[in-house]
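Report on one structure; see the data block that follows.
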Number of protein chains: 2
Amino acid sequence: MQRIFTPGPVEPYREALEALQRPMISHRSVEFKKLLASVSEKLSKLVKLDGVSVLLSGSGTLATEAMIYSIVAPGDGVLVISYGVFGDRLVESASRRGARVFVVRRNPGEPVDLGLVEDLVSREKIDWIAVAHVETSKGHRFQELRALAGLAESLGSRVLVDAVSSLGGEELVYWRGLGAIASCSHKALGSFPGVSFVMLPEDMVGRVGKISREHPPPRYLDLSMYVESIAKGSTPFTPAISLMYALDGALDRILRIGVEKSIEIHRERASILYRRLNNEAISPLIGSQDHRSNTVAVFRVNSKDLNASMLVDMLEKKGYIIAPGLGEDKERLIRIGTMGGISTEDLKELSDEILEILGSHMQGGSPR
Amino acid sequence: MQRIFTPGPVEPYREALEALQRPMISHRSVEFKKLLASVSEKLSKLVKLDGVSVLLSGSGTLATEAMIYSIVAPGDGVLVISYGVFGDRLVESASRRGARVFVVRRNPGEPVDLGLVEDLVSREKIDWIAVAHVETSKGHRFQELRALAGLAESLGSRVLVDAVSSLGGEELVYWRGLGAIASCSHKALGSFPGVSFVMLPEDMVGRVGKISREHPPPRYLDLSMYVESIAKGSTPFTPAISLMYALDGALDRILRIGVEKSIEIHRERASILYRRLNNEAISPLIGSQDHRSNTVAVFRVNSKDLNASMLVDMLEKKGYIIAPGLGEDKERLIRIGTMGGISTEDLKELSDEILEILGSHMQGGSPR
């Protein structure tokens, strides 16, 4: 049997799996209305949002892109703080939207100087600051999010958060200064991929309506249509009903144990990996403990006989599925998700396997 | 227990339900590559397509909109032939894309004069003709699709087909002159909602690449990204893996019984309804038998004591879920889907119930 430790999709929690199998219902039925309201309210509760949580059928990228296309007008100034592939995807989406896009790129582990951000926002007339809360390609946690929200608030700008890999695993509440939060079902919430959502504070609901009238995005990405429908207990398009049931089950779970506890669980899981996978053959990519994410732990493989993608393949043969680095990091980094229905024992076993593989290769290799 | 006879979602076939429950896998795994190739090839086989069938995670609307945004450039001439709500949605999407949009609106049951279409295409420099093969709001089948494809071919235009409610239930092969076919999992294929697809003939692959470079749509709707990924055995965004498994199961089913047989089954199911629900209290909306769809049967409720939406509610109390008309048709029309895991016996029972409800109301009502 294979166990899955990728940074999403993840092994679904039992509560999600059981709910997945409920009988099909019409999306115009009373039962569906209840399901939609239930999921939406639980999502808002998760981040203490006073506003609307809009459900979409699609991946986390759909949610981040619907957020950008429904909030950013062509010509708006957008500053993206990017730590890797997913930050760069925000750049790409905002550029396609026709925004004036500015990018601050940082290496994983490096903090961002908020003074620099302040200067840029003023000088370049930045309307929106977009950032991935956890950069899935590098395991960097954008620790300055709360401070950035405060800064944005003071400057009359708003922060658009890609919380795909953070919600449920990192501290995230609706801080003033945030404009919207986009996330999805199949990461730290531990449900199945195919449902995502955008959380909109009350005062941004008018904004998405205005954008829909003046610069209409494709309908599938038009959050104002979803907001209008949700008020009537429906969705504008046929939703992935089974996956909504599953997400509802996963939300029951996280709210039952408590969001704080869920974050603590992920922190504990990640710390097992960061502590154990730290020797001359393998070590955490990020030095700064403050910026190591709880949900996606990324390691540099330093063995000269075995690169990261070989390690991933060898683990797969033993039934452990982890992810290599993305793009040019493929041979250099491994990425381990700590999310979903796995245990600390699983992570200990996994790290033992990794150490054993690397150890046997170190011994078998030529002297360094 | 409730039985679902809506025009989508439908009661999934057993093959889809069983496949839904397979264990989660990584979308970067070898197993996923096989799944993706399997689904894509089976879809192409379904319509005898020489090209690429691209999988999306989302509803049928996502597929039709990705088709429009990835093929139509702003400023292109688009002619939509509309028979109702879903035809009008094509108008809306093409307008949002910035196309020059022309509409020919017809009442359900009315044929379209292809001479008129020919004149319009030449006069208005129409690049693309868009049409819903089955108009889900009225149950109209666009019987002239094959002839329209031939006409488009001769005029240097191409037809973009919304086959959401037709694929697997109506005759549809990749006829020359078609530019793309968009459809989804949860209609006549009988799987779960949340996966959809666009079938592109070989010579349109270059087109979506060109549009992506010159007029990039949102990434989630950019078919060229999916085409590039599928060649490498992956998807650009995390896919709804469980729903892809389910669709694969449903595709195995339809290819095993044969597409012709599947169409015949839907024709037979619909004919039960059209034949039985035809008296002074209820009758098929569409007179022309050629234009009555096999998949969505729509009826006018003529009782003066009971309108359509009351009938829908009374049936729901007895465990039969059908749909009322959309928008202003809500009190006037009922819509019954003949798709998914239901039997002809189910449809006979349903029609008996409808006749009984209407009969008792006729008797109880004042003399007409």
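As shown in the structure tokens, the chain order sets the letters A, B, ...; within each chain, residues go from 1, and ligands are also counted from 1 in the order they appear.
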Can you check which parts of chain B lie within 9 Å of chain A? Per residue, the shortest pair of atoms and distance in Å to one decimal, counting only C-alpha atoms, sorted by chain and number, as JSON lines.
```
{"residue": "B:Gln2", "atom": "CA", "partner": "A:Ile25", "partner_atom": "CA", "distance": 8.5}
{"residue": "B:Arg3", "atom": "CA", "partner": "A:Ile25", "partner_atom": "CA", "distance": 8.8}
{"residue": "B:Ile4", "atom": "CA", "partner": "A:Ile25", "partner_atom": "CA", "distance": 7.0}
{"residue": "B:Phe5", "atom": "CA", "partner": "A:Ser26", "partner_atom": "CA", "distance": 8.9}
{"residue": "B:Thr6", "atom": "CA", "partner": "A:Ser26", "partner_atom": "CA", "distance": 6.9}
{"residue": "B:Gly8", "atom": "CA", "partner": "A:Ser26", "partner_atom": "CA", "distance": 7.6}
{"residue": "B:Pro9", "atom": "CA", "partner": "A:Ser26", "partner_atom": "CA", "distance": 6.2}
{"residue": "B:Val10", "atom": "CA", "partner": "A:Met24", "partner_atom": "CA", "distance": 7.3}
{"residue": "B:Glu11", "atom": "CA", "partner": "A:Met24", "partner_atom": "CA", "distance": 6.2}
{"residue": "B:Pro12", "atom": "CA", "partner": "A:Met24", "partner_atom": "CA", "distance": 7.6}
{"residue": "B:Leu17", "atom": "CA", "partner": "A:Gln21", "partner_atom": "CA", "distance": 8.3}
{"residue": "B:Leu20", "atom": "CA", "partner": "A:Gln21", "partner_atom": "CA", "distance": 8.5}
{"residue": "B:Gln21", "atom": "CA", "partner": "A:Gln21", "partner_atom": "CA", "distance": 8.0}
{"residue": "B:Pro23", "atom": "CA", "partner": "A:Glu11", "partner_atom": "CA", "distance": 8.3}
{"residue": "B:Met24", "atom": "CA", "partner": "A:Glu11", "partner_atom": "CA", "distance": 6.2}
{"residue": "B:Ile25", "atom": "CA", "partner": "A:Ile4", "partner_atom": "CA", "distance": 7.0}
{"residue": "B:Ser26", "atom": "CA", "partner": "A:Pro9", "partner_atom": "CA", "distance": 6.2}
{"residue": "B:His27", "atom": "CA", "partner": "A:Pro9", "partner_atom": "CA", "distance": 7.5}
{"residue": "B:Arg28", "atom": "CA", "partner": "A:Ala323", "partner_atom": "CA", "distance": 8.2}
{"residue": "B:Ser29", "atom": "CA", "partner": "A:Ile321", "partner_atom": "CA", "distance": 8.6}
{"residue": "B:Leu56", "atom": "CA", "partner": "A:Gly58", "partner_atom": "CA", "distance": 8.2}
{"residue": "B:Ser57", "atom": "CA", "partner": "A:Gly58", "partner_atom": "CA", "distance": 5.0}
{"residue": "B:Gly58", "atom": "CA", "partner": "A:Gly58", "partner_atom": "CA", "distance": 4.9}
{"residue": "B:Ser59", "atom": "CA", "partner": "A:Thr238", "partner_atom": "CA", "distance": 5.8}
{"residue": "B:Gly60", "atom": "CA", "partner": "A:Thr238", "partner_atom": "CA", "distance": 7.7}
{"residue": "B:Thr61", "atom": "CA", "partner": "A:Phe237", "partner_atom": "CA", "distance": 6.7}
{"residue": "B:Leu62", "atom": "CA", "partner": "A:Tyr220", "partner_atom": "CA", "distance": 5.9}
{"residue": "B:Glu65", "atom": "CA", "partner": "A:Pro218", "partner_atom": "CA", "distance": 7.2}
{"residue": "B:Ala66", "atom": "CA", "partner": "A:Pro218", "partner_atom": "CA", "distance": 8.9}
{"residue": "B:Tyr69", "atom": "CA", "partner": "A:Pro218", "partner_atom": "CA", "distance": 8.1}
{"residue": "B:Glu92", "atom": "CA", "partner": "A:Arg219", "partner_atom": "CA", "distance": 8.3}
{"residue": "B:Ser93", "atom": "CA", "partner": "A:Pro218", "partner_atom": "CA", "distance": 6.5}
{"residue": "B:Arg96", "atom": "CA", "partner": "A:Pro216", "partner_atom": "CA", "distance": 6.2}
{"residue": "B:Arg97", "atom": "CA", "partner": "A:Pro218", "partner_atom": "CA", "distance": 7.3}
{"residue": "B:Phe192", "atom": "CA", "partner": "A:Ala240", "partner_atom": "CA", "distance": 7.3}
{"residue": "B:Pro193", "atom": "CA", "partner": "A:Ala240", "partner_atom": "CA", "distance": 4.8}
{"residue": "B:Gly194", "atom": "CA", "partner": "A:Ala240", "partner_atom": "CA", "distance": 4.3}
{"residue": "B:Val195", "atom": "CA", "partner": "A:Ala240", "partner_atom": "CA", "distance": 8.1}
{"residue": "B:His215", "atom": "CA", "partner": "A:Arg96", "partner_atom": "CA", "distance": 8.5}
{"residue": "B:Pro216", "atom": "CA", "partner": "A:Arg96", "partner_atom": "CA", "distance": 6.2}
{"residue": "B:Pro217", "atom": "CA", "partner": "A:Arg96", "partner_atom": "CA", "distance": 6.8}
{"residue": "B:Pro218", "atom": "CA", "partner": "A:Arg96", "partner_atom": "CA", "distance": 6.4}
{"residue": "B:Arg219", "atom": "CA", "partner": "A:Ser93", "partner_atom": "CA", "distance": 6.8}
{"residue": "B:Tyr220", "atom": "CA", "partner": "A:Leu62", "partner_atom": "CA", "distance": 5.9}
{"residue": "B:Leu221", "atom": "CA", "partner": "A:Pro218", "partner_atom": "CA", "distance": 8.9}
{"residue": "B:Phe237", "atom": "CA", "partner": "A:Ser59", "partner_atom": "CA", "distance": 6.5}
{"residue": "B:Thr238", "atom": "CA", "partner": "A:Ser59", "partner_atom": "CA", "distance": 5.8}
{"residue": "B:Pro239", "atom": "CA", "partner": "A:Gly194", "partner_atom": "CA", "distance": 6.4}
{"residue": "B:Ala240", "atom": "CA", "partner": "A:Gly194", "partner_atom": "CA", "distance": 4.3}
{"residue": "B:Ile241", "atom": "CA", "partner": "A:Pro193", "partner_atom": "CA", "distance": 6.7}
{"residue": "B:Ser242", "atom": "CA", "partner": "A:Phe192", "partner_atom": "CA", "distance": 7.5}
{"residue": "B:Leu243", "atom": "CA", "partner": "A:Gly194", "partner_atom": "CA", "distance": 8.2}
{"residue": "B:Ile321", "atom": "CA", "partner": "A:Ser26", "partner_atom": "CA", "distance": 7.6}
{"residue": "B:Ile322", "atom": "CA", "partner": "A:Ser26", "partner_atom": "CA", "distance": 8.7}
{"residue": "B:Ala323", "atom": "CA", "partner": "A:Arg28", "partner_atom": "CA", "distance": 8.2}
```
key: Expected answer as number ranges by chain: strand (DSSP E) residues in range 71-309 of chain A   = A: 77-82, 100-105, 128-132, 134-135, 140-141, 158-162, 178-184, 195-201, 282-284, 296-301
inquiry  = Neighbouring residues of Gln289 in chain A were defined as those with any atom within 10 Å, considering only C-alpha atoms; residues of the same chain fewer than 4 positions away were excluded. Please report them as a ChimeraX atom specification.
reply    = /A:109,140-141,271,274,284,293
Please save N, CA, C and O atoms of the selected residues as a PDB file, in the first residue's frame.
```
ATOM      1  N   GLY A 109      13.162  31.817   3.135  1.00  0.00           N
ATOM      2  CA  GLY A 109      13.833  32.068   4.409  1.00  0.00           C
ATOM      3  C   GLY A 109      14.150  33.534   4.642  1.00  0.00           C
ATOM      4  O   GLY A 109      14.376  33.945   5.779  1.00  0.00           O
ATOM      5  N   HIS A 140       8.284  27.938   2.171  1.00  0.00           N
ATOM      6  CA  HIS A 140       8.454  29.199   2.903  1.00  0.00           C
ATOM      7  C   HIS A 140       7.108  29.690   3.426  1.00  0.00           C
ATOM      8  O   HIS A 140       6.140  29.773   2.679  1.00  0.00           O
ATOM      9  N   ARG A 141       7.076  30.038   4.721  1.00  0.00           N
ATOM     10  CA  ARG A 141       5.882  30.671   5.279  1.00  0.00           C
ATOM     11  C   ARG A 141       6.096  32.178   5.300  1.00  0.00           C
ATOM     12  O   ARG A 141       7.106  32.658   5.845  1.00  0.00           O
ATOM     13  N   SER A 271       7.799  19.569  12.649  1.00  0.00           N
ATOM     14  CA  SER A 271       9.005  19.652  13.477  1.00  0.00           C
ATOM     15  C   SER A 271       9.704  18.295  13.556  1.00  0.00           C
ATOM     16  O   SER A 271      10.931  18.226  13.668  1.00  0.00           O
ATOM     17  N   TYR A 274      11.767  18.390  10.365  1.00  0.00           N
ATOM     18  CA  TYR A 274      12.870  19.363  10.406  1.00  0.00           C
ATOM     19  C   TYR A 274      13.970  18.895  11.362  1.00  0.00           C
ATOM     20  O   TYR A 274      15.157  19.112  11.134  1.00  0.00           O
ATOM     21  N   PRO A 284      17.108  20.994   6.107  1.00  0.00           N
ATOM     22  CA  PRO A 284      16.021  21.903   5.729  1.00  0.00           C
ATOM     23  C   PRO A 284      16.529  22.994   4.793  1.00  0.00           C
ATOM     24  O   PRO A 284      17.616  23.541   5.009  1.00  0.00           O
ATOM     25  N   SER A 293       7.516  26.481   6.916  1.00  0.00           N
ATOM     26  CA  SER A 293       6.076  26.249   7.030  1.00  0.00           C
ATOM     27  C   SER A 293       5.782  24.967   7.787  1.00  0.00           C
ATOM     28  O   SER A 293       6.612  24.056   7.864  1.00  0.00           O
TER      29      SER A 293
END
```
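Summary of the local environment: counting only C-alpha atoms, residues at most 6 Å from Gly87 in chain A, other than itself and those fewer than 4 positions away along its chain, are A:Ser82, A:Tyr83, A:Ala132.
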message = as a VMD selection string, please: every residue in range 27-260 of chain B that a backbone DSSP assignment puts in alpha helix (DSSP H).
response = chain B and resid 30 to 46 60 to 71 85 to 96 114 to 123 145 to 155 202 to 214 223 to 231 241 to 257 259 to 260
List every residue of range 199-258 of chain B that has an atom at most 12 Å from any atom of range 332-355 of chain B, and for each one report the closest atom pair and its distance in Å to one decimal, counting only C-alpha atoms, with rows sorted by chain and then by increasing residue number, as CSV.
```
residue,atom,partner,partner_atom,distance
B:Ala250,CA,B:Gly340,CA,9.7
B:Arg253,CA,B:Gly340,CA,11.4
B:Ile254,CA,B:Gly340,CA,11.0
```
inquiry  = For Leu160 in chain B, find every residue with an atom within 12 Å (counting only C-alpha atoms), except residues of its own chain fewer than 3 positions away, and show them as a ChimeraX atom specification.
reply    = /B:63-72,78-81,87,90,94,127-133,145,148-149,152,157,163,174-183,198-201,204
Resulting file, chosen residues, N, CA and C atoms, as a short mmCIF file (atom, residue, chain, number, x, y, z; two decimals), in the first residue's frame:
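And here's out_13.cif as it stands now:
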```
data_model
loop_
_atom_site.label_atom_id
_atom_site.label_comp_id
_atom_site.auth_asym_id
_atom_site.auth_seq_id
_atom_site.Cartn_x
_atom_site.Cartn_y
_atom_site.Cartn_z
N ALA B 63 -16.06 24.26 -19.14
CA ALA B 63 -15.60 23.72 -20.43
C ALA B 63 -16.03 24.61 -21.59
N THR B 64 -17.29 25.04 -21.59
CA THR B 64 -17.74 25.88 -22.71
C THR B 64 -16.99 27.21 -22.69
N GLU B 65 -16.74 27.72 -21.49
CA GLU B 65 -16.08 29.01 -21.41
C GLU B 65 -14.58 28.90 -21.76
N ALA B 66 -13.95 27.81 -21.34
CA ALA B 66 -12.55 27.59 -21.72
C ALA B 66 -12.45 27.46 -23.24
N MET B 67 -13.43 26.80 -23.84
CA MET B 67 -13.47 26.66 -25.31
C MET B 67 -13.53 28.05 -25.95
N ILE B 68 -14.42 28.89 -25.47
CA ILE B 68 -14.57 30.22 -26.07
C ILE B 68 -13.34 31.08 -25.83
N TYR B 69 -12.86 31.13 -24.59
CA TYR B 69 -11.72 32.01 -24.28
C TYR B 69 -10.41 31.53 -24.90
N SER B 70 -10.31 30.24 -25.20
CA SER B 70 -9.06 29.72 -25.77
C SER B 70 -9.07 29.71 -27.29
N ILE B 71 -10.22 29.93 -27.89
CA ILE B 71 -10.32 29.86 -29.35
C ILE B 71 -10.68 31.21 -29.96
N VAL B 72 -11.58 31.93 -29.30
CA VAL B 72 -12.06 33.20 -29.84
C VAL B 72 -11.16 34.34 -29.38
N VAL B 78 -18.58 36.20 -33.82
CA VAL B 78 -19.18 34.97 -33.30
C VAL B 78 -20.68 35.03 -33.52
N LEU B 79 -21.21 34.01 -34.17
CA LEU B 79 -22.66 33.89 -34.33
C LEU B 79 -23.16 32.80 -33.40
N VAL B 80 -24.07 33.16 -32.50
CA VAL B 80 -24.65 32.15 -31.61
C VAL B 80 -26.07 31.85 -32.07
N ILE B 81 -26.37 30.57 -32.20
CA ILE B 81 -27.75 30.16 -32.47
C ILE B 81 -28.31 29.72 -31.13
N GLY B 87 -28.00 28.67 -24.60
CA GLY B 87 -27.54 29.39 -25.78
C GLY B 87 -27.17 30.83 -25.41
N LEU B 90 -23.83 31.26 -23.93
CA LEU B 90 -22.74 31.33 -24.91
C LEU B 90 -22.58 32.76 -25.41
N ALA B 94 -19.15 34.89 -24.90
CA ALA B 94 -18.46 35.45 -26.07
C ALA B 94 -18.40 36.97 -25.97
N ASP B 127 -16.36 34.33 -37.67
CA ASP B 127 -15.28 33.35 -37.57
C ASP B 127 -15.75 32.05 -36.92
N TRP B 128 -16.68 32.19 -35.98
CA TRP B 128 -17.09 31.04 -35.17
C TRP B 128 -18.60 31.04 -35.01
N ILE B 129 -19.19 29.85 -35.13
CA ILE B 129 -20.63 29.69 -34.87
C ILE B 129 -20.76 28.83 -33.62
N ALA B 130 -21.44 29.34 -32.61
CA ALA B 130 -21.56 28.59 -31.36
C ALA B 130 -23.01 28.18 -31.14
N VAL B 131 -23.19 26.95 -30.67
CA VAL B 131 -24.55 26.45 -30.46
C VAL B 131 -24.55 25.37 -29.38
N ALA B 132 -25.65 25.33 -28.61
CA ALA B 132 -25.85 24.22 -27.67
C ALA B 132 -26.53 23.09 -28.43
N HIS B 133 -25.91 21.93 -28.43
CA HIS B 133 -26.46 20.79 -29.18
C HIS B 133 -27.82 20.39 -28.60
N LEU B 145 -27.06 20.22 -36.64
CA LEU B 145 -25.64 20.41 -36.32
C LEU B 145 -24.71 19.89 -37.41
N LEU B 148 -24.85 22.11 -40.35
CA LEU B 148 -24.19 23.38 -40.02
C LEU B 148 -22.67 23.24 -40.09
N ALA B 149 -22.17 22.09 -39.60
CA ALA B 149 -20.72 21.85 -39.66
C ALA B 149 -20.25 21.87 -41.11
N ALA B 152 -20.28 25.45 -42.34
CA ALA B 152 -19.17 26.21 -41.77
C ALA B 152 -17.87 25.87 -42.50
N SER B 157 -15.50 28.93 -41.76
CA SER B 157 -15.80 29.19 -40.35
C SER B 157 -15.79 27.85 -39.61
N ALA B 163 -21.84 20.65 -25.94
CA ALA B 163 -22.46 19.32 -25.97
C ALA B 163 -22.70 18.81 -24.56
N TYR B 174 -17.13 13.74 -34.41
CA TYR B 174 -16.40 14.91 -34.82
C TYR B 174 -16.54 15.08 -36.34
N TRP B 175 -17.58 15.84 -36.73
CA TRP B 175 -17.78 16.13 -38.15
C TRP B 175 -16.85 17.26 -38.56
N ARG B 176 -16.34 17.17 -39.77
CA ARG B 176 -15.50 18.27 -40.28
C ARG B 176 -16.30 19.56 -40.26
N GLY B 177 -15.65 20.63 -39.84
CA GLY B 177 -16.36 21.90 -39.72
C GLY B 177 -16.62 22.24 -38.26
N LEU B 178 -16.55 21.22 -37.40
CA LEU B 178 -16.62 21.52 -35.96
C LEU B 178 -15.24 22.03 -35.52
N GLY B 179 -15.25 23.03 -34.63
CA GLY B 179 -13.99 23.57 -34.14
C GLY B 179 -13.61 22.99 -32.80
N ALA B 180 -14.60 22.69 -31.98
CA ALA B 180 -14.35 22.09 -30.67
C ALA B 180 -15.69 21.62 -30.10
N ILE B 181 -15.60 20.66 -29.20
CA ILE B 181 -16.78 20.14 -28.51
C ILE B 181 -16.51 20.24 -27.01
N ALA B 182 -17.41 20.88 -26.28
CA ALA B 182 -17.26 20.98 -24.82
C ALA B 182 -18.37 20.18 -24.15
N SER B 183 -18.00 19.38 -23.15
CA SER B 183 -19.03 18.64 -22.42
C SER B 183 -18.53 18.30 -21.02
N VAL B 198 -12.84 19.56 -23.06
CA VAL B 198 -12.98 20.15 -24.39
C VAL B 198 -12.23 19.25 -25.36
N MET B 199 -12.93 18.87 -26.43
CA MET B 199 -12.32 18.02 -27.45
C MET B 199 -11.88 18.90 -28.61
N LEU B 200 -10.58 18.87 -28.88
CA LEU B 200 -10.00 19.73 -29.91
C LEU B 200 -9.46 18.89 -31.06
N PRO B 201 -9.90 19.16 -32.28
CA PRO B 201 -9.28 18.47 -33.41
C PRO B 201 -7.83 18.94 -33.56
N MET B 204 -6.79 22.47 -34.42
CA MET B 204 -7.15 23.58 -33.53
C MET B 204 -6.15 23.72 -32.38
#
```
